[in-house]
file work_35.txt (compact mmCIF, C-alpha atoms and all ligand atoms)
# COMPACT_ATOMS: atom_id res chain seq x y z
CA MET A 1 20.04 36.56 125.97
CA LYS A 2 23.50 37.93 126.70
CA ALA A 3 24.65 40.77 124.42
CA ILE A 4 26.92 43.80 124.33
CA VAL A 5 24.51 46.67 123.78
CA LEU A 6 25.55 50.28 123.23
CA GLU A 7 23.25 53.28 123.41
CA LYS A 8 25.54 55.02 120.94
CA LEU A 9 29.07 54.62 119.56
CA ASP A 10 31.45 55.55 122.36
CA PRO A 11 35.17 54.64 122.44
CA ALA A 12 35.03 54.64 126.26
CA ALA A 13 32.20 52.10 126.38
CA PRO A 14 33.09 49.22 128.74
CA LEU A 15 31.69 46.70 126.22
CA ALA A 16 29.98 44.96 129.13
CA VAL A 17 27.71 41.99 128.64
CA THR A 18 24.07 42.69 129.55
CA GLU A 19 20.64 41.17 128.98
CA ALA A 20 18.75 41.87 125.76
CA ALA A 21 15.75 40.41 123.97
CA VAL A 22 16.35 37.56 121.53
CA PRO A 23 15.87 39.10 118.05
CA ASP A 24 12.94 38.25 115.80
CA ILE A 25 13.79 36.79 112.41
CA ALA A 26 12.51 37.92 109.02
CA ALA A 27 11.33 35.46 106.37
CA ASP A 28 14.80 35.25 104.76
CA GLU A 29 16.70 34.98 108.06
CA VAL A 30 17.75 32.30 110.50
CA LEU A 31 18.31 32.62 114.23
CA VAL A 32 21.82 31.54 115.18
CA LYS A 33 22.94 30.66 118.70
CA THR A 34 26.52 31.86 118.54
CA HIS A 35 29.40 29.69 119.75
CA ALA A 36 32.23 31.96 118.62
CA LEU A 37 32.65 35.46 117.16
CA ALA A 38 35.56 37.23 115.52
CA ILE A 39 36.56 40.87 115.80
CA ASN A 40 38.24 43.08 113.21
CA PRO A 41 39.91 46.49 113.05
CA VAL A 42 36.63 47.84 111.63
CA ASP A 43 34.84 47.00 114.89
CA ILE A 44 37.21 49.30 116.74
CA LYS A 45 37.16 51.94 114.00
CA THR A 46 33.35 51.90 114.11
CA LEU A 47 33.23 52.18 117.91
CA GLU A 48 35.61 55.14 117.69
CA ASP A 49 33.92 56.65 114.63
CA TYR A 50 37.43 56.67 113.19
CA THR A 51 38.09 59.60 110.88
CA ILE A 52 41.15 60.30 108.81
CA VAL A 53 42.08 63.88 108.13
CA ARG A 54 44.56 63.82 105.30
CA ASP A 55 45.38 66.17 102.47
CA GLY A 56 42.69 68.57 103.74
CA GLU A 57 40.01 65.90 103.33
CA THR A 58 38.14 64.07 106.07
CA ILE A 59 37.14 60.45 105.59
CA ARG A 60 35.05 58.43 108.05
CA GLY A 61 37.01 55.21 107.83
CA SER A 62 34.58 52.69 109.29
CA ALA A 63 30.99 51.51 109.32
CA ALA A 64 30.05 54.25 111.83
CA SER A 65 28.25 56.41 109.28
CA LEU A 66 25.82 53.54 108.69
CA LEU A 67 24.86 53.62 112.36
CA ASP A 68 24.20 57.36 112.60
CA GLY A 69 20.97 57.83 114.54
CA VAL A 70 20.70 54.11 115.37
CA SER A 71 20.13 53.15 119.03
CA PRO A 72 20.63 50.69 120.58
CA ILE A 73 23.65 49.38 118.67
CA ILE A 74 25.08 45.87 118.80
CA LEU A 75 28.49 45.85 117.11
CA GLY A 76 30.10 42.97 115.26
CA TRP A 77 29.61 41.03 112.02
CA ASP A 78 31.43 37.69 112.32
CA ILE A 79 29.69 34.66 113.77
CA ALA A 80 29.82 30.88 113.99
CA GLY A 81 27.09 28.94 115.71
CA VAL A 82 24.06 26.71 115.41
CA VAL A 83 20.73 27.51 113.76
CA THR A 84 17.84 27.41 116.24
CA ALA A 85 15.01 28.74 114.03
CA VAL A 86 14.48 29.45 110.33
CA GLY A 87 12.38 32.09 108.56
CA THR A 88 9.45 31.05 106.42
CA ASP A 89 11.34 31.53 103.13
CA VAL A 90 14.54 29.73 104.16
CA THR A 91 15.20 26.34 102.59
CA LYS A 92 19.00 26.34 102.84
CA PHE A 93 19.27 25.59 106.57
CA LYS A 94 17.32 23.80 109.29
CA ALA A 95 17.44 23.96 113.07
CA GLY A 96 20.57 22.23 114.34
CA ASP A 97 22.80 23.16 111.37
CA ALA A 98 26.22 24.57 112.25
CA VAL A 99 26.88 27.74 110.23
CA PHE A 100 29.26 30.67 109.97
CA GLY A 101 29.43 33.97 108.12
CA MET A 102 29.72 37.74 108.00
CA VAL A 103 26.32 39.18 108.76
CA ARG A 104 25.02 42.29 107.04
CA PHE A 105 28.28 44.05 106.19
CA PRO A 106 28.24 46.95 105.56
CA GLY A 107 25.32 47.50 107.92
CA HIS A 108 24.16 46.69 111.44
CA GLY A 109 25.40 43.14 111.98
CA LYS A 110 24.39 42.84 115.68
CA ALA A 111 26.83 39.97 116.13
CA TYR A 112 27.99 40.56 119.71
CA ALA A 113 25.13 38.50 121.07
CA GLU A 114 24.14 35.03 122.15
CA TYR A 115 21.53 34.95 119.36
CA VAL A 116 21.88 36.66 115.97
CA ALA A 117 19.20 37.09 113.31
CA ALA A 118 21.16 36.53 110.07
CA PRO A 119 20.10 36.49 106.43
CA ALA A 120 20.55 32.87 105.31
CA ALA A 121 22.37 34.23 102.25
CA HIS A 122 25.17 35.58 104.48
CA LEU A 123 25.96 32.16 105.95
CA ALA A 124 27.47 28.88 104.84
CA ALA A 125 27.41 25.47 106.49
CA LYS A 126 30.39 25.03 108.78
CA PRO A 127 32.56 22.09 107.69
CA ALA A 128 32.16 19.43 110.38
CA HIS A 129 35.88 19.12 111.17
CA ILE A 130 36.43 22.89 111.46
CA SER A 131 36.00 24.33 114.97
CA PHE A 132 33.55 27.13 115.69
CA ASP A 133 36.57 29.29 116.61
CA ALA A 134 38.28 28.69 113.24
CA ALA A 135 35.03 29.20 111.32
CA ALA A 136 34.27 32.46 113.16
CA GLY A 137 37.65 33.77 112.04
CA ALA A 138 37.10 32.92 108.37
CA THR A 139 34.42 35.56 107.86
CA LEU A 140 35.00 39.31 107.29
CA ALA A 141 38.78 38.93 106.91
CA ALA A 142 38.53 35.89 104.64
CA VAL A 143 35.71 37.34 102.52
CA THR A 144 37.73 40.54 102.07
CA ALA A 145 40.73 38.59 100.81
CA TRP A 146 38.63 36.31 98.58
CA GLN A 147 36.65 39.16 97.00
CA CYS A 148 39.86 41.07 96.22
CA LEU A 149 41.64 38.01 94.76
CA THR A 150 38.72 36.57 92.79
CA ARG A 151 36.05 39.23 92.29
CA HIS A 152 37.65 42.67 92.00
CA TYR A 153 40.71 41.03 90.39
CA SER A 154 41.05 37.44 89.17
CA VAL A 155 44.35 35.94 90.29
CA LYS A 156 45.67 33.57 87.64
CA ALA A 157 48.20 30.78 87.95
CA GLY A 158 51.66 32.27 87.69
CA ASP A 159 50.61 35.81 88.66
CA ARG A 160 53.15 37.60 90.81
CA VAL A 161 51.11 38.85 93.78
CA LEU A 162 52.38 41.09 96.58
CA ILE A 163 50.51 41.04 99.90
CA THR A 164 51.25 43.50 102.70
CA ALA A 165 50.47 42.80 106.37
CA PRO A 166 50.50 39.12 105.29
CA THR A 167 50.19 37.65 108.78
CA GLY A 168 47.24 39.74 109.99
CA GLY A 169 43.58 38.78 109.76
CA VAL A 170 43.10 39.58 106.07
CA GLY A 171 46.68 38.91 105.01
CA HIS A 172 47.04 35.40 106.39
CA TYR A 173 43.99 34.26 104.43
CA ALA A 174 45.10 36.22 101.34
CA VAL A 175 48.52 34.52 101.24
CA GLN A 176 46.95 31.06 101.47
CA MET A 177 44.22 31.88 98.92
CA ALA A 178 46.65 33.39 96.42
CA LYS A 179 48.82 30.26 96.70
CA HIS A 180 45.73 28.11 96.24
CA LEU A 181 44.98 30.07 93.04
CA GLY A 182 48.46 29.30 91.75
CA ALA A 183 50.10 32.69 92.26
CA TYR A 184 53.73 33.37 93.08
CA VAL A 185 53.23 35.11 96.42
CA ILE A 186 55.52 37.82 97.77
CA ALA A 187 54.83 38.85 101.36
CA LEU A 188 55.99 42.26 102.58
CA THR A 189 56.14 42.41 106.36
CA SER A 190 58.04 43.17 109.55
CA GLY A 191 61.00 40.90 110.35
CA GLY A 192 59.20 39.14 113.22
CA ASN A 193 56.51 37.86 110.86
CA THR A 194 58.86 36.24 108.33
CA ALA A 195 58.55 32.71 109.69
CA LEU A 196 54.76 32.78 109.72
CA ALA A 197 54.51 34.34 106.24
CA THR A 198 56.70 31.50 104.94
CA GLU A 199 54.65 28.90 106.80
CA LEU A 200 51.48 30.34 105.22
CA GLY A 201 53.00 29.64 101.82
CA ALA A 202 54.68 32.85 100.66
CA ASN A 203 57.29 32.15 97.97
CA GLU A 204 59.32 35.19 99.03
CA VAL A 205 59.19 37.31 102.16
CA LEU A 206 60.49 40.87 102.04
CA ASP A 207 61.25 42.82 105.20
CA TYR A 208 60.16 46.47 105.22
CA ALA A 209 63.28 47.33 107.15
CA THR A 210 65.80 45.90 104.73
CA PHE A 211 64.12 45.81 101.31
CA ASP A 212 65.16 48.94 99.40
CA ALA A 213 62.28 49.48 96.96
CA ALA A 214 64.07 52.30 95.16
CA THR A 215 67.09 50.23 94.14
CA ALA A 216 65.86 46.63 94.15
CA ALA A 217 65.25 44.84 90.86
CA PRO A 218 61.62 45.42 89.79
CA LEU A 219 59.33 42.81 91.35
CA GLN A 220 57.23 42.68 88.13
CA LEU A 221 53.96 42.46 90.05
CA ASP A 222 50.62 41.58 88.45
CA PHE A 223 48.63 42.51 91.55
CA VAL A 224 49.08 44.08 94.99
CA LEU A 225 46.78 43.56 97.95
CA ASP A 226 47.79 46.36 100.28
CA ALA A 227 46.22 45.35 103.60
CA GLY A 228 48.74 47.25 105.73
CA GLY A 229 49.03 50.52 103.86
CA ARG A 230 52.51 51.34 105.15
CA ASN A 231 53.95 52.24 101.73
CA ASP A 232 53.18 55.19 99.49
CA ALA A 233 52.73 55.36 95.74
CA THR A 234 56.44 55.89 95.01
CA TRP A 235 57.32 52.62 96.78
CA PHE A 236 55.13 50.62 94.41
CA ALA A 237 55.78 52.55 91.21
CA ARG A 238 58.77 50.59 89.99
CA HIS A 239 57.40 47.19 91.00
CA LEU A 240 53.96 46.92 89.36
CA LYS A 241 53.59 45.92 85.72
CA PRO A 242 51.87 48.68 83.68
CA GLY A 243 48.15 48.82 84.51
CA ALA A 244 48.39 46.13 87.22
CA PRO A 245 45.87 46.79 90.01
CA LEU A 246 46.70 47.71 93.60
CA PHE A 247 43.87 47.37 96.12
CA TYR A 248 44.28 49.48 99.24
CA LEU A 249 42.24 48.27 102.22
CA PRO A 250 42.82 50.37 105.37
CA SER A 251 40.49 53.27 104.48
CA GLY A 252 39.06 55.19 101.59
CA LEU A 253 41.57 57.09 99.49
CA THR A 254 41.58 60.86 99.53
CA LYS A 255 41.55 62.67 96.20
CA VAL A 256 45.18 63.70 96.75
CA GLN A 257 46.18 60.08 97.48
CA GLN A 258 44.44 59.00 94.29
CA GLN A 259 46.33 61.70 92.39
CA ARG A 260 49.63 60.47 93.86
CA TYR A 261 48.94 56.93 92.64
CA ALA A 262 47.85 58.28 89.25
CA ALA A 263 50.98 60.43 89.00
CA GLN A 264 53.04 57.24 89.37
CA GLY A 265 50.95 55.57 86.66
CA LEU A 266 49.37 53.21 89.19
CA ASN A 267 45.93 51.64 88.96
CA ALA A 268 45.08 51.91 92.67
CA ALA A 269 41.67 51.72 94.34
CA PHE A 270 40.08 51.23 97.74
CA LYS A 271 37.96 48.09 97.93
CA MET A 272 35.37 47.30 100.58
CA VAL A 273 34.10 43.89 101.60
CA THR A 274 30.38 43.08 101.36
CA SER A 275 28.36 40.10 102.56
CA GLU A 276 28.10 37.67 99.63
CA GLU A 277 26.60 34.19 99.61
CA SER A 278 28.87 32.62 97.01
CA ALA A 279 31.99 34.05 98.67
CA ILE A 280 31.22 32.56 102.09
CA GLU A 281 30.33 29.26 100.43
CA ASP A 282 33.65 29.30 98.55
CA ILE A 283 35.40 29.90 101.88
CA ALA A 284 33.57 26.95 103.45
CA ARG A 285 34.97 24.77 100.64
CA LEU A 286 38.49 26.16 101.11
CA LEU A 287 38.29 25.39 104.84
CA HIS A 288 36.81 21.96 104.17
CA ASP A 289 39.57 20.88 101.79
CA GLY A 290 42.36 22.44 103.84
CA SER A 291 43.31 25.06 101.23
CA ILE A 292 43.08 27.66 104.01
CA VAL A 293 43.34 27.41 107.75
CA THR A 294 42.54 30.01 110.37
CA LYS A 295 45.53 31.05 112.43
CA ILE A 296 44.13 31.92 115.85
CA ALA A 297 46.00 34.73 117.56
CA GLY A 298 44.05 34.54 120.80
CA VAL A 299 40.73 33.49 122.30
CA TYR A 300 38.84 35.72 124.73
CA PRO A 301 35.64 35.02 126.66
CA PHE A 302 32.66 37.19 125.68
CA THR A 303 32.95 38.98 129.04
CA GLU A 304 36.48 40.15 128.10
CA MET A 305 35.58 42.05 124.92
CA LYS A 306 37.40 45.17 126.11
CA ALA A 307 40.64 43.17 126.47
CA ALA A 308 40.07 41.59 123.05
CA PHE A 309 39.69 45.09 121.56
CA ALA A 310 42.94 46.17 123.24
CA ALA A 311 44.73 43.18 121.70
CA GLN A 312 43.27 43.87 118.25
CA HIS A 313 44.16 47.54 118.55
CA LYS A 314 47.87 46.75 118.98
CA GLY A 315 47.97 45.61 115.34
CA THR A 316 50.37 42.77 116.10
CA ALA A 317 47.94 39.83 116.10
CA GLN A 318 49.07 36.93 113.95
CA GLY A 319 45.80 35.74 112.42
CA LYS A 320 42.44 36.22 114.09
CA ILE A 321 41.28 37.21 117.57
CA ILE A 322 38.32 35.03 118.53
CA ILE A 323 35.61 35.55 121.12
CA ARG A 324 34.26 32.40 122.76
CA MET A 325 30.60 32.58 123.78
CA PRO A 326 29.40 31.29 127.16
CA ALA A 327 28.61 27.58 127.40
CA SER A 328 29.76 26.85 123.84
CA ALA A 329 31.67 23.72 123.03
N1 LIG B 1 38.34 47.63 102.99
C1 LIG B 1 37.83 46.57 103.60
O1 LIG B 1 36.75 46.05 103.27
C2 LIG B 1 38.61 45.97 104.74
C3 LIG B 1 38.29 44.69 105.21
C4 LIG B 1 39.08 44.15 106.21
C5 LIG B 1 40.12 44.89 106.76
N2 LIG B 1 40.37 46.14 106.29
C6 LIG B 1 41.46 46.94 106.82
O2 LIG B 1 42.66 46.29 106.43
C7 LIG B 1 43.64 46.43 107.44
C8 LIG B 1 44.13 45.05 107.86
O3 LIG B 1 43.04 44.35 108.45
P1 LIG B 1 43.34 43.03 109.30
O4 LIG B 1 42.05 42.47 109.73
O5 LIG B 1 44.30 42.18 108.58
O6 LIG B 1 44.07 43.70 110.54
P2 LIG B 1 45.10 43.08 111.57
O7 LIG B 1 44.85 41.63 111.75
O8 LIG B 1 45.10 43.95 112.77
O9 LIG B 1 46.49 43.28 110.80
C9 LIG B 1 47.63 43.17 111.51
C10 LIG B 1 48.81 43.54 110.61
O10 LIG B 1 48.70 44.91 110.20
C11 LIG B 1 50.01 45.46 110.09
N3 LIG B 1 50.06 46.70 110.87
C12 LIG B 1 50.05 46.81 112.20
N4 LIG B 1 50.15 48.10 112.58
C13 LIG B 1 50.19 48.82 111.43
C14 LIG B 1 50.29 50.19 111.13
N5 LIG B 1 50.34 51.11 112.10
N6 LIG B 1 50.29 50.57 109.84
C15 LIG B 1 50.21 49.67 108.87
N7 LIG B 1 50.14 48.33 109.08
C16 LIG B 1 50.12 47.92 110.35
C17 LIG B 1 50.95 44.43 110.63
O11 LIG B 1 51.55 43.77 109.53
P3 LIG B 1 53.05 44.05 109.08
O12 LIG B 1 53.89 44.11 110.29
O13 LIG B 1 53.30 42.90 108.19
O14 LIG B 1 52.95 45.36 108.35
C18 LIG B 1 50.07 43.43 111.35
O15 LIG B 1 50.58 42.12 111.26
C19 LIG B 1 42.97 47.24 108.56
O16 LIG B 1 43.26 48.61 108.36
C20 LIG B 1 41.50 47.00 108.33
O17 LIG B 1 40.68 48.04 108.85
C21 LIG B 1 39.62 46.69 105.31
call {"tool": "encode", "arguments": {"input": "work_35.txt", "output": "structure tokens", "more": "lines below"}}
Ligand SMILES: NC(=O)c1ccc[n+]([C@@H]2O[C@H](COP(=O)([O-])OP(=O)(O)OC[C@H]3O[C@@H](n4cnc5c(N)ncnc54)[C@H](OP(=O)(O)O)[C@@H]3O)[C@@H](O)[C@H]2O)c1
result
Amino acid sequence: MKAIVLEKLDPAAPLAVTEAAVPDIAADEVLVKTHALAINPVDIKTLEDYTIVRDGETIRGSAASLLDGVSPIILGWDIAGVVTAVGTDVTKFKAGDAVFGMVRFPGHGKAYAEYVAAPAAHLAAKPAHISFDAAAGATLAAVTAWQCLTRHYSVKAGDRVLITAPTGGVGHYAVQMAKHLGAYVIALTSGGNTALATELGANEVLDYATFDAATAAPLQLDFVLDAGGRNDATWFARHLKPGAPLFYLPSGLTKVQQQRYAAQGLNAAFKMVTSEESAIEDIARLLHDGSIVTKIAGVYPFTEMKAAFAAQHKGTAQGKIIIRMPASA
């Protein structure tokens, strides 16, 4: 099969497509012939073994630590494709079923491949009218948003929810999901993203450049999903209701960062996405009934993974960057 195989994590790797053996499947797994993949900032951070040195503390801000000592490595977690074989314990899927999901995160997903061995519990059936490209996008980014809005916090109708980076991979799903849950959604973004944030359903769009957090009337927020991480604790202090949670996504928080949030009386925490059967099945339902759509920022052939990484690295993608597999419909 075709796959992008690395001997070790190496930011200079050409991410070239080579030949590799089709993986075996365990009893609880299915073999998926991939039609489309999605990439995420964490793919790049993992390839680069991204570390943050801040406040005298070093944090490895990716999945790289999970791959220490592992060789060969196949990066990637997000797939959409068709089941070609099922493990002996699998009753949920049969050969020929179209599926999508985030495979084994955090862990070794091995998604950049023509065939992926995936736990059946990490996949959902792809709604028939949703393309493989759109389904591939609604995986790590969508599960992150859904787990934050419904697992780590439960958004209620009428909640005032602020979402940063609301037009990126995570944010564009989060805005739509929060609206679906009945929240009043405030999007905080760069001026160029205002139209899209509105189109996604934000009730209000604030521009970083012109919104003066120190003097503006308090936003009275019940919840903040901070996907972008551009603002510090003082920015949020006057705008969250007492005890309201703020989930910070870009990396783990250093002890000093945590102290800064605490000093402002904020209930802030880093949250990390994990593969979860009921979450991906919820997302399949949201896609099926049109409550969320995948905004596709660009589609790259599998052979152009390096260019796709460069596009993702810019941080300006509106929605998801998708990788189309060879000979897929
Ligand atoms: N903890 C987890 O489990 C988890 C899961 C998924 C993603 N993440 C992290 O969450 C972040 C967003 O992920 P994503 O998939 O939405 O990424 P993305 O699609 O690349 O997000 C793009 C958006 O990020 C904002 N942005 C760009 N450059 C930035 C910068 N230098 N500083 C701050 N914000 C910047 C921009 O929004 P504005 O112009 O509106 O600011 C842009 O529209 C990433 O750091 C990613 O690693 C964490």
call {"tool": "closest_residue", "arguments": {"input": "work_35.txt", "among": "A:Val42, A:Ile296, A:Ile59, A:Val53", "to": "ligand LIG 1 (chain B)", "atoms": "all atoms listed in the file"}}
result
A:Val42
call {"tool": "atom_distance", "arguments": {"input": "work_35.txt", "atom1": "atom O11 of ligand LIG 1 (chain B)", "atom2": "CA of Ala138 (chain A)"}}
result
18.1 Å
call {"tool": "residues_near_point", "arguments": {"input": "work_35.txt", "point": "(40.0, 39.9, 116.6)", "cutoff": "7 Å", "atoms": "all atoms listed in the file", "output": "count of residues only"}}
result
8
call {"tool": "closest_residue", "arguments": {"input": "work_35.txt", "among": "A:Val90, A:Val70, A:Val273, A:Leu123", "to": "ligand LIG 1 (chain B)", "atoms": "only C-alpha atoms and all ligand atoms"}}
result
A:Val273
call {"tool": "closest_residue", "arguments": {"input": "work_35.txt", "among": "A:Pro301, A:Gly191, A:Gly168, A:Gly69", "to": "ligand LIG 1 (chain B)", "atoms": "all atoms listed in the file"}}
result
A:Gly168
call {"tool": "axis_aligned_box", "arguments": {"input": "work_35.txt", "around": "region 288-302 of chain A", "padding_each_side": "3 Å", "output": "lines of an AutoDock Vina configuration file"}}
result
center_x = 39.3
center_y = 29.0
center_z = 113.9
size_x = 19.3
size_y = 22.3
size_z = 31.4
call {"tool": "residues_near_ligand", "arguments": {"input": "work_35.txt", "ligand": "ligand LIG 1 (chain B)", "cutoff": "7 Å", "atoms": "all atoms listed in the file", "output": "PDB file with C-alpha atoms, keeping the file's coordinate frame"}}
result
ATOM      1  CA  ASN A  40      38.240  43.080 113.210  1.00  0.00           C
ATOM      2  CA  PRO A  41      39.910  46.490 113.050  1.00  0.00           C
ATOM      3  CA  VAL A  42      36.630  47.840 111.630  1.00  0.00           C
ATOM      4  CA  LEU A 140      35.000  39.310 107.290  1.00  0.00           C
ATOM      5  CA  ALA A 141      38.780  38.930 106.910  1.00  0.00           C
ATOM      6  CA  THR A 144      37.730  40.540 102.070  1.00  0.00           C
ATOM      7  CA  THR A 164      51.250  43.500 102.700  1.00  0.00           C
ATOM      8  CA  ALA A 165      50.470  42.800 106.370  1.00  0.00           C
ATOM      9  CA  PRO A 166      50.500  39.120 105.290  1.00  0.00           C
ATOM     10  CA  THR A 167      50.190  37.650 108.780  1.00  0.00           C
ATOM     11  CA  GLY A 168      47.240  39.740 109.990  1.00  0.00           C
ATOM     12  CA  GLY A 169      43.580  38.780 109.760  1.00  0.00           C
ATOM     13  CA  VAL A 170      43.100  39.580 106.070  1.00  0.00           C
ATOM     14  CA  GLY A 171      46.680  38.910 105.010  1.00  0.00           C
ATOM     15  CA  LEU A 188      55.990  42.260 102.580  1.00  0.00           C
ATOM     16  CA  THR A 189      56.140  42.410 106.360  1.00  0.00           C
ATOM     17  CA  SER A 190      58.040  43.170 109.550  1.00  0.00           C
ATOM     18  CA  ASN A 193      56.510  37.860 110.860  1.00  0.00           C
ATOM     19  CA  ALA A 227      46.220  45.350 103.600  1.00  0.00           C
ATOM     20  CA  GLY A 228      48.740  47.250 105.730  1.00  0.00           C
ATOM     21  CA  GLY A 229      49.030  50.520 103.860  1.00  0.00           C
ATOM     22  CA  ARG A 230      52.510  51.340 105.150  1.00  0.00           C
ATOM     23  CA  LEU A 249      42.240  48.270 102.220  1.00  0.00           C
ATOM     24  CA  PRO A 250      42.820  50.370 105.370  1.00  0.00           C
ATOM     25  CA  SER A 251      40.490  53.270 104.480  1.00  0.00           C
ATOM     26  CA  PHE A 270      40.080  51.230  97.740  1.00  0.00           C
ATOM     27  CA  LYS A 271      37.960  48.090  97.930  1.00  0.00           C
ATOM     28  CA  MET A 272      35.370  47.300 100.580  1.00  0.00           C
ATOM     29  CA  VAL A 273      34.100  43.890 101.600  1.00  0.00           C
ATOM     30  CA  GLN A 312      43.270  43.870 118.250  1.00  0.00           C
ATOM     31  CA  HIS A 313      44.160  47.540 118.550  1.00  0.00           C
ATOM     32  CA  LYS A 314      47.870  46.750 118.980  1.00  0.00           C
ATOM     33  CA  GLY A 315      47.970  45.610 115.340  1.00  0.00           C
ATOM     34  CA  THR A 316      50.370  42.770 116.100  1.00  0.00           C
ATOM     35  CA  ALA A 317      47.940  39.830 116.100  1.00  0.00           C
ATOM     36  CA  GLN A 318      49.070  36.930 113.950  1.00  0.00           C
ATOM     37  CA  GLY A 319      45.800  35.740 112.420  1.00  0.00           C
ATOM     38  CA  LYS A 320      42.440  36.220 114.090  1.00  0.00           C
TER      39      LYS A 320
END
call {"tool": "closest_residue", "arguments": {"input": "work_35.txt", "among": "A:Ala237, A:Ile186, A:Thr58, A:Asp97", "to": "Pro218 (chain A)", "atoms": "all atoms listed in the file"}}
result
A:Ala237
call {"tool": "residues_around", "arguments": {"input": "work_35.txt", "residues": "Lys126 (chain A)", "least_positions_apart": "5", "cutoff": "12 Å", "atoms": "all atoms listed in the file", "output": "PyMOL selection string"}}
result
chain A and resi 35+79-83+93+96-101+131-139+280-288
call {"tool": "residues_around", "arguments": {"input": "work_35.txt", "residues": "Leu219 (chain A)", "least_positions_apart": "2", "cutoff": "10 Å", "atoms": "all atoms listed in the file", "output": "PyMOL selection string"}}
result
chain A and resi 160-162+186+213+216-217+221-222+236+238-241
call {"tool": "residues_around", "arguments": {"input": "work_35.txt", "residues": "region 109-112 of chain A", "least_positions_apart": "2", "cutoff": "6 Å", "atoms": "all atoms listed in the file", "output": "list in words"}}
result
Ala3, Ile4, Ile74, Leu75, Gly76, Trp77, Val103, Arg104, Gly107 and Val116 of chain A
call {"tool": "closest_residue", "arguments": {"input": "work_35.txt", "among": "A:Glu57, A:Asp28, A:Glu204, A:Glu7", "to": "Thr254 (chain A)", "atoms": "all atoms listed in the file"}}
result
A:Glu57
